Structure formats: structure tokens, C-alpha cells
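Presented below is the structure to which this report refers.
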Amino acid sequence: MHAKSKKTAGKRPGKAKKTVCLGLESTAHTFSAGIADSRGCILANERSAFRTKEGGIRPQEAADFHLQNAVPVISRALEKSGLKIEDISLVAFAQGPGLGPALKVGATAARTLSLIHNLPLVGVNHCIAHIEIGRLLTGAKNPIVVYASGGNTQIIGLTKKHYAVFGETLDIGIGNLLDSFGRKLGLGFPAGPVLDEWYFEGKNYIELPYSVKGTDLVFAGLQTAAEGKIGKVPEKDLAYSLLHTAFAMLCEATERALAHTERKEVLLVGGVASSKALRGMLGKMCEERGAKLFVPEMQYCVDNGAMIAWQGLLEFAHGKRTKIAESAVRQDFRVEETEVKWI
Ligand code: FE2
């Protein structure tokens, strides 16, 4: 596994004038503000995450949480960076994909800052931002990207001038699978960290449905079967079996994408990257194929404003400007829609 330390991450020498971007992220349960400069230095990355006791996410409640947290989080990011709003060159925001009400808070905050302080506005794709901060911080060049989070599970790679989704979940995100299962066990939200510990304590594999269709994944059958066995088999064995099956499916689809593209790098991003079980299984698969697994530091794997700031800088440097009239949020914003001019 390869990851540069935060101190050296992305730093580039040179005296060229820096462009500084404030990036806002609010696609789901996190409101985050990050600040990055055009040399690839991350100057701040502050966040607040919406949590419910019973788990799950209600979009309007998340949006209300973001409304309350937007100003304090942006203020903290400025304070952390040692900059004032006057030092900021542009504002970027996650335009999609995500939950409509939540997205609107970040977009509204970005528009407001843009108008009040006369700053250029750049709306970016959230998934591409995950990839580009990962490339910046790990040094991965042309990886197969495994984006595994609560709502997203995609295998992505660059093809000429666009990122393309080689494979993805056809139903729920892998993180939602784990959280739903954890909720049924009364583990609270997020359940992933506890399940990940149990993975290493489970002793016996219990047969569960395994469904990979080419490079696409289907988790609903696995979810129904695993949840139906709760109370009938030891729970740690069941947790081990669920994680092992879900991650094996993801590894198989990733390996297929690697084989098709003849690439030698895998970049793991998204909140589920925190799973030691997943990193171990992907790492083993990569080792067997002579490929390298790259995983950024966790604060840059989860939803974060720094990745939006960096993506804003990349697109701004290649002429992107988002007019207010074109800044409406896009819940289904696909990675294929953005032309990759910066590579
Ligand atoms: Fe994300």
C-alpha cells in the first residue's frame, strides 16, 4: 500500500503565483469545507457529519444539519488555513451526484460567497473529486478506481478524455449494505467499523449468495440472506461471511477491469476504504496480479471539502467557470459528463 504523509502530500516546488480554492462538499451526510492551492497543497479540510441514532439518512434532516453547520465549518477552514476570504481565488462546490436537499445547501453557500466576494464559481463532480485527490496524494497515475461508500459502489477508469464507469452496483451501495445489516444487529450507525472488527474474529464461513454480472454487482440477495440468518448463527461468523462475500465480489469485478485495461494500479476511495478487511483483500488481489494498491489517508477517502477544492482548481486552470444560471445541483451527475482536460 502506498500513501504519502500529509506533510508532504502533493507539495510541489516553484514560485509561480498560487491560486487558492475554497471547496464545499454536501452531497450526503457530511458538510465539509476544504482549502487547497494550485501547487497541490491542502491548507484545510474541516467537516461535520450528520448522524442519527437509528441510522439511515433522511435528506431533509441532513440538509437542515448542513444549514446549521455551513458557516461554522467554512469559518474553521479559513482559520485553519490562516487565510481570509480575501485570499481565496475561487469557490468550488460539489454539484452532484447526491441527495438533492443536501446538495442545495453547499451550492447555495458557494453561490452566496461567489456573489458577495466576486469570486469565480466552479461546480464539480463529486466522484471525480474523490479520484483526483486520491491521485494527487498517493501518486497513482492511471489507476482502476474502486469508489466504495455508503451510497456509491463503482469501478472507474480513465478512457481518453473521460472517466468511465466500468462496473457498479445495480442496487444498493456497499456501505449501505453493511449499515443496514449492522442496524438489524443493533450496532448503530455507522456499523462498518464494528463489523470490520468482527470480520477478523469470525471463525466459520457461512454460505451466502454471490452475484457478479461482468463488472457489475448485485447486493440485494446477499443482504436479504444475511439479514435472514441473524439470530440463527453466531453473529461474528455471519459478519465475517457477509463482508468476505461482498468484498470478494468487489475484488472480482476490480480484477476483471484490471485485466481488460492491462493496468497495474488500483486506487481505493470512499468511506468503505476504512475497512481493513477490504484493503487486505484488494491488496492481496493486486499482489497476485503484480499491481499496486493505493489508499489515501482516511480524511481524504471520506467525503471532504479538500477534494472539491482540488478538483475546482484543476478545472478552473482549464477554463471552467460555472455561471449562477448553470449552477443548479444535479442528483444524477455521471462521471462521463465531465471532459478530463487536466490530464
Ligand atoms: Fe463520496
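A note on labels: chains of the C-alpha cells are A, B, ... as shown, every chain counts residues from 1, and ligands are counted from 1 in their shown order.
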
Contact check, chain A to ligand 1, at most 8 Å, counting only C-alpha atoms and all ligand atoms, closest pairs as a tab-separated table:
```
residue	atom	partner	partner_atom_place_in_ligand_line	distance
A:Thr27	CA	ligand 1	1 (Fe)	7.5
A:Ala28	CA	ligand 1	1 (Fe)	8.0
A:His126	CA	ligand 1	1 (Fe)	6.5
A:Cys127	CA	ligand 1	1 (Fe)	6.3
A:His130	CA	ligand 1	1 (Fe)	6.7
A:Tyr147	CA	ligand 1	1 (Fe)	7.8
A:Ser149	CA	ligand 1	1 (Fe)	6.2
A:Gly150	CA	ligand 1	1 (Fe)	8.0
A:Gly151	CA	ligand 1	1 (Fe)	7.9
A:Asn152	CA	ligand 1	1 (Fe)	7.2
A:Gly270	CA	ligand 1	1 (Fe)	5.4
A:Gly271	CA	ligand 1	1 (Fe)	7.2
A:Cys301	CA	ligand 1	1 (Fe)	7.9
A:Val302	CA	ligand 1	1 (Fe)	6.2
A:Asp303	CA	ligand 1	1 (Fe)	4.7
```

Residues near A:Ser32, anyone? I mean within 12 Å using only C-alpha atoms, not counting same-chain ones fewer than 5 positions away, as a PyMOL selection string.
chain A and resi 22-27+44-50+65-67+69-77+92-94+102-103+105-106+109+299-300+302-309

In terms of only C-alpha atoms, the residue from A:Thr245, A:Ile128, A:Lys323, A:Gly186 at minimal distance from A:Ala164 is A:Ile128

All residues 7 Å or closer to stretch 340-342 of chain A, only C-alpha atoms, same chain fewer than 6 positions away omitted, as a PDB file with N, CA, C and O atoms, in the first residue's frame:
```
ATOM      1  N   LYS A 161     -10.624  10.936 -22.936  1.00  0.00           N
ATOM      2  CA  LYS A 161     -10.894  12.226 -22.290  1.00  0.00           C
ATOM      3  C   LYS A 161     -12.018  12.208 -21.247  1.00  0.00           C
ATOM      4  O   LYS A 161     -12.514  13.263 -20.850  1.00  0.00           O
ATOM      5  N   HIS A 162     -12.427  11.022 -20.859  1.00  0.00           N
ATOM      6  CA  HIS A 162     -13.487  10.946 -19.856  1.00  0.00           C
ATOM      7  C   HIS A 162     -13.204   9.812 -18.876  1.00  0.00           C
ATOM      8  O   HIS A 162     -12.611   8.806 -19.249  1.00  0.00           O
ATOM      9  N   LEU A 314      -8.273  22.207 -10.608  1.00  0.00           N
ATOM     10  CA  LEU A 314      -7.908  21.520 -11.861  1.00  0.00           C
ATOM     11  C   LEU A 314      -8.777  22.023 -13.012  1.00  0.00           C
ATOM     12  O   LEU A 314      -8.284  22.309 -14.108  1.00  0.00           O
ATOM     13  N   GLU A 315     -10.082  22.126 -12.761  1.00  0.00           N
ATOM     14  CA  GLU A 315     -10.996  22.522 -13.838  1.00  0.00           C
ATOM     15  C   GLU A 315     -10.891  24.024 -14.127  1.00  0.00           C
ATOM     16  O   GLU A 315     -10.970  24.441 -15.279  1.00  0.00           O
ATOM     17  N   HIS A 318      -8.227  24.964 -16.449  1.00  0.00           N
ATOM     18  CA  HIS A 318      -8.528  24.638 -17.846  1.00  0.00           C
ATOM     19  C   HIS A 318      -9.799  25.325 -18.325  1.00  0.00           C
ATOM     20  O   HIS A 318     -10.504  24.827 -19.204  1.00  0.00           O
TER      21      HIS A 318
END
```

So what do you get for atom CA of A:Asp196 versus atom CA of A:Phe31, distance-wise?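 Separating atom CA of A:Asp196 from atom CA of A:Phe31 is a distance of 25.3 Å.
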
Once DSSP has gone over the backbone, tell me which residues of stretch 94-177 of chain A are in strand (DSSP E or B), as a ChimeraX atom specification. /A:94-96,121-125,144-148,153-159,162-169

Would you write out those residues with N, CA and C atoms, as a PDB file, in the first residue's frame?
```
ATOM      1  N   ALA A  94     -19.547  20.778  -4.770  1.00  0.00           N
ATOM      2  CA  ALA A  94     -19.973  19.501  -5.346  1.00  0.00           C
ATOM      3  C   ALA A  94     -21.363  19.700  -5.941  1.00  0.00           C
ATOM      4  N   GLN A  95     -21.443  19.643  -7.264  1.00  0.00           N
ATOM      5  CA  GLN A  95     -22.724  19.904  -7.947  1.00  0.00           C
ATOM      6  C   GLN A  95     -23.593  18.633  -7.989  1.00  0.00           C
ATOM      7  N   GLY A  96     -22.967  17.468  -7.806  1.00  0.00           N
ATOM      8  CA  GLY A  96     -23.659  16.187  -7.802  1.00  0.00           C
ATOM      9  C   GLY A  96     -22.642  15.089  -8.021  1.00  0.00           C
ATOM     10  N   LEU A 121     -16.968  30.817  -9.748  1.00  0.00           N
ATOM     11  CA  LEU A 121     -17.653  29.643  -9.186  1.00  0.00           C
ATOM     12  C   LEU A 121     -17.382  28.442 -10.091  1.00  0.00           C
ATOM     13  N   VAL A 122     -17.059  27.294  -9.488  1.00  0.00           N
ATOM     14  CA  VAL A 122     -16.826  26.088 -10.280  1.00  0.00           C
ATOM     15  C   VAL A 122     -17.567  24.917  -9.638  1.00  0.00           C
ATOM     16  N   GLY A 123     -18.548  24.360 -10.351  1.00  0.00           N
ATOM     17  CA  GLY A 123     -19.273  23.182  -9.880  1.00  0.00           C
ATOM     18  C   GLY A 123     -18.579  21.933 -10.394  1.00  0.00           C
ATOM     19  N   VAL A 124     -18.316  20.975  -9.505  1.00  0.00           N
ATOM     20  CA  VAL A 124     -17.567  19.779  -9.923  1.00  0.00           C
ATOM     21  C   VAL A 124     -18.332  18.502  -9.593  1.00  0.00           C
ATOM     22  N   ASN A 125     -17.890  17.434 -10.218  1.00  0.00           N
ATOM     23  CA  ASN A 125     -18.465  16.104  -9.971  1.00  0.00           C
ATOM     24  C   ASN A 125     -17.797  15.497  -8.737  1.00  0.00           C
ATOM     25  N   ILE A 144      -7.181   1.921 -11.908  1.00  0.00           N
ATOM     26  CA  ILE A 144      -8.575   1.495 -11.811  1.00  0.00           C
ATOM     27  C   ILE A 144      -9.018   1.946 -10.429  1.00  0.00           C
ATOM     28  N   VAL A 145     -10.093   2.722 -10.389  1.00  0.00           N
ATOM     29  CA  VAL A 145     -10.543   3.304  -9.128  1.00  0.00           C
ATOM     30  C   VAL A 145     -11.698   2.478  -8.565  1.00  0.00           C
ATOM     31  N   VAL A 146     -11.564   2.108  -7.306  1.00  0.00           N
ATOM     32  CA  VAL A 146     -12.669   1.465  -6.604  1.00  0.00           C
ATOM     33  C   VAL A 146     -13.240   2.520  -5.660  1.00  0.00           C
ATOM     34  N   TYR A 147     -14.441   2.987  -5.988  1.00  0.00           N
ATOM     35  CA  TYR A 147     -15.101   4.005  -5.169  1.00  0.00           C
ATOM     36  C   TYR A 147     -16.193   3.296  -4.369  1.00  0.00           C
ATOM     37  N   ALA A 148     -15.907   3.089  -3.089  1.00  0.00           N
ATOM     38  CA  ALA A 148     -16.806   2.298  -2.240  1.00  0.00           C
ATOM     39  C   ALA A 148     -17.240   3.139  -1.053  1.00  0.00           C
ATOM     40  N   THR A 153     -20.983   2.517  -5.195  1.00  0.00           N
ATOM     41  CA  THR A 153     -20.007   1.449  -5.377  1.00  0.00           C
ATOM     42  C   THR A 153     -19.750   1.365  -6.875  1.00  0.00           C
ATOM     43  N   GLN A 154     -18.594   1.898  -7.276  1.00  0.00           N
ATOM     44  CA  GLN A 154     -18.288   1.967  -8.706  1.00  0.00           C
ATOM     45  C   GLN A 154     -16.835   1.584  -8.954  1.00  0.00           C
ATOM     46  N   ILE A 155     -16.593   1.018 -10.133  1.00  0.00           N
ATOM     47  CA  ILE A 155     -15.236   0.746 -10.589  1.00  0.00           C
ATOM     48  C   ILE A 155     -15.038   1.639 -11.812  1.00  0.00           C
ATOM     49  N   ILE A 156     -14.089   2.558 -11.694  1.00  0.00           N
ATOM     50  CA  ILE A 156     -13.974   3.661 -12.658  1.00  0.00           C
ATOM     51  C   ILE A 156     -12.566   3.704 -13.236  1.00  0.00           C
ATOM     52  N   GLY A 157     -12.447   4.098 -14.482  1.00  0.00           N
ATOM     53  CA  GLY A 157     -11.120   4.289 -15.069  1.00  0.00           C
ATOM     54  C   GLY A 157     -11.171   5.366 -16.138  1.00  0.00           C
ATOM     55  N   LEU A 158     -10.017   5.921 -16.455  1.00  0.00           N
ATOM     56  CA  LEU A 158      -9.943   6.970 -17.471  1.00  0.00           C
ATOM     57  C   LEU A 158      -9.897   6.332 -18.858  1.00  0.00           C
ATOM     58  N   THR A 159     -10.736   6.823 -19.764  1.00  0.00           N
ATOM     59  CA  THR A 159     -10.683   6.365 -21.150  1.00  0.00           C
ATOM     60  C   THR A 159     -10.594   7.610 -22.031  1.00  0.00           C
ATOM     61  N   HIS A 162     -12.427  11.022 -20.859  1.00  0.00           N
ATOM     62  CA  HIS A 162     -13.487  10.946 -19.856  1.00  0.00           C
ATOM     63  C   HIS A 162     -13.204   9.812 -18.876  1.00  0.00           C
ATOM     64  N   TYR A 163     -13.673   9.993 -17.649  1.00  0.00           N
ATOM     65  CA  TYR A 163     -13.729   8.848 -16.753  1.00  0.00           C
ATOM     66  C   TYR A 163     -14.952   8.029 -17.138  1.00  0.00           C
ATOM     67  N   ALA A 164     -14.799   6.721 -17.080  1.00  0.00           N
ATOM     68  CA  ALA A 164     -15.925   5.849 -17.420  1.00  0.00           C
ATOM     69  C   ALA A 164     -16.158   4.873 -16.272  1.00  0.00           C
ATOM     70  N   VAL A 165     -17.412   4.538 -16.056  1.00  0.00           N
ATOM     71  CA  VAL A 165     -17.749   3.536 -15.049  1.00  0.00           C
ATOM     72  C   VAL A 165     -17.677   2.169 -15.719  1.00  0.00           C
ATOM     73  N   PHE A 166     -16.690   1.369 -15.320  1.00  0.00           N
ATOM     74  CA  PHE A 166     -16.530   0.023 -15.897  1.00  0.00           C
ATOM     75  C   PHE A 166     -17.512  -0.955 -15.260  1.00  0.00           C
ATOM     76  N   GLY A 167     -17.830  -0.701 -13.994  1.00  0.00           N
ATOM     77  CA  GLY A 167     -18.769  -1.582 -13.300  1.00  0.00           C
ATOM     78  C   GLY A 167     -19.304  -0.873 -12.080  1.00  0.00           C
ATOM     79  N   GLU A 168     -20.499  -1.277 -11.651  1.00  0.00           N
ATOM     80  CA  GLU A 168     -21.070  -0.615 -10.466  1.00  0.00           C
ATOM     81  C   GLU A 168     -22.157  -1.483  -9.855  1.00  0.00           C
ATOM     82  N   THR A 169     -22.581  -1.095  -8.668  1.00  0.00           N
ATOM     83  CA  THR A 169     -23.683  -1.812  -8.049  1.00  0.00           C
ATOM     84  C   THR A 169     -24.960  -1.522  -8.837  1.00  0.00           C
TER      85      THR A 169
END
```

Inset, instruction - Using DSSP on the backbone coordinates, identify all residues within stretch 5-169 of chain A classified as alpha helix (DSSP H); present the result as a PyMOL selection string. - result: chain A and resi 59-81+100-117+126-138

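Minimum atom-to-atom distance to A:Ile88, evaluated using only C-alpha atoms, belongs to A:Leu313 out of A:Pro143, A:Glu287, A:Phe181, A:Leu313.
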
Atom pair atom CA of A:Thr138 + atom CA of A:Ala257, distance 20.4 Å

Practice item. Find the spatial neighbours of A:Phe333, counting only C-alpha atoms, within a cut-off of 6 Å - ignore same-chain residues fewer than 2 positions away - and output them as a ChimeraX atom specification. Key: /A:96-97,330-331

Expressed in Å, the length from atom CA of A:Lys236 to atom CA of A:Asp179 is 15.2 Å

For this session: Quick one: everything within 12 Å of A:Pro193, counting only C-alpha atoms, minus sequence neighbours fewer than 5 positions away in the same chain. Send it as number ranges by chain.
Result: A: 175, 178-179, 182, 187-188, 198-200, 239, 243, 271-278

Restricting to only C-alpha atoms, whichever of A:Leu268, A:Leu170, A:Ile343, A:Leu115 is closest to A:Cys286 is A:Leu268

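Restricting the calculation to only C-alpha atoms, the smallest distance between A:Ala110 and any of A:Ser211, A:Ser81, A:Asn142, A:Thr322 is found for A:Thr322.
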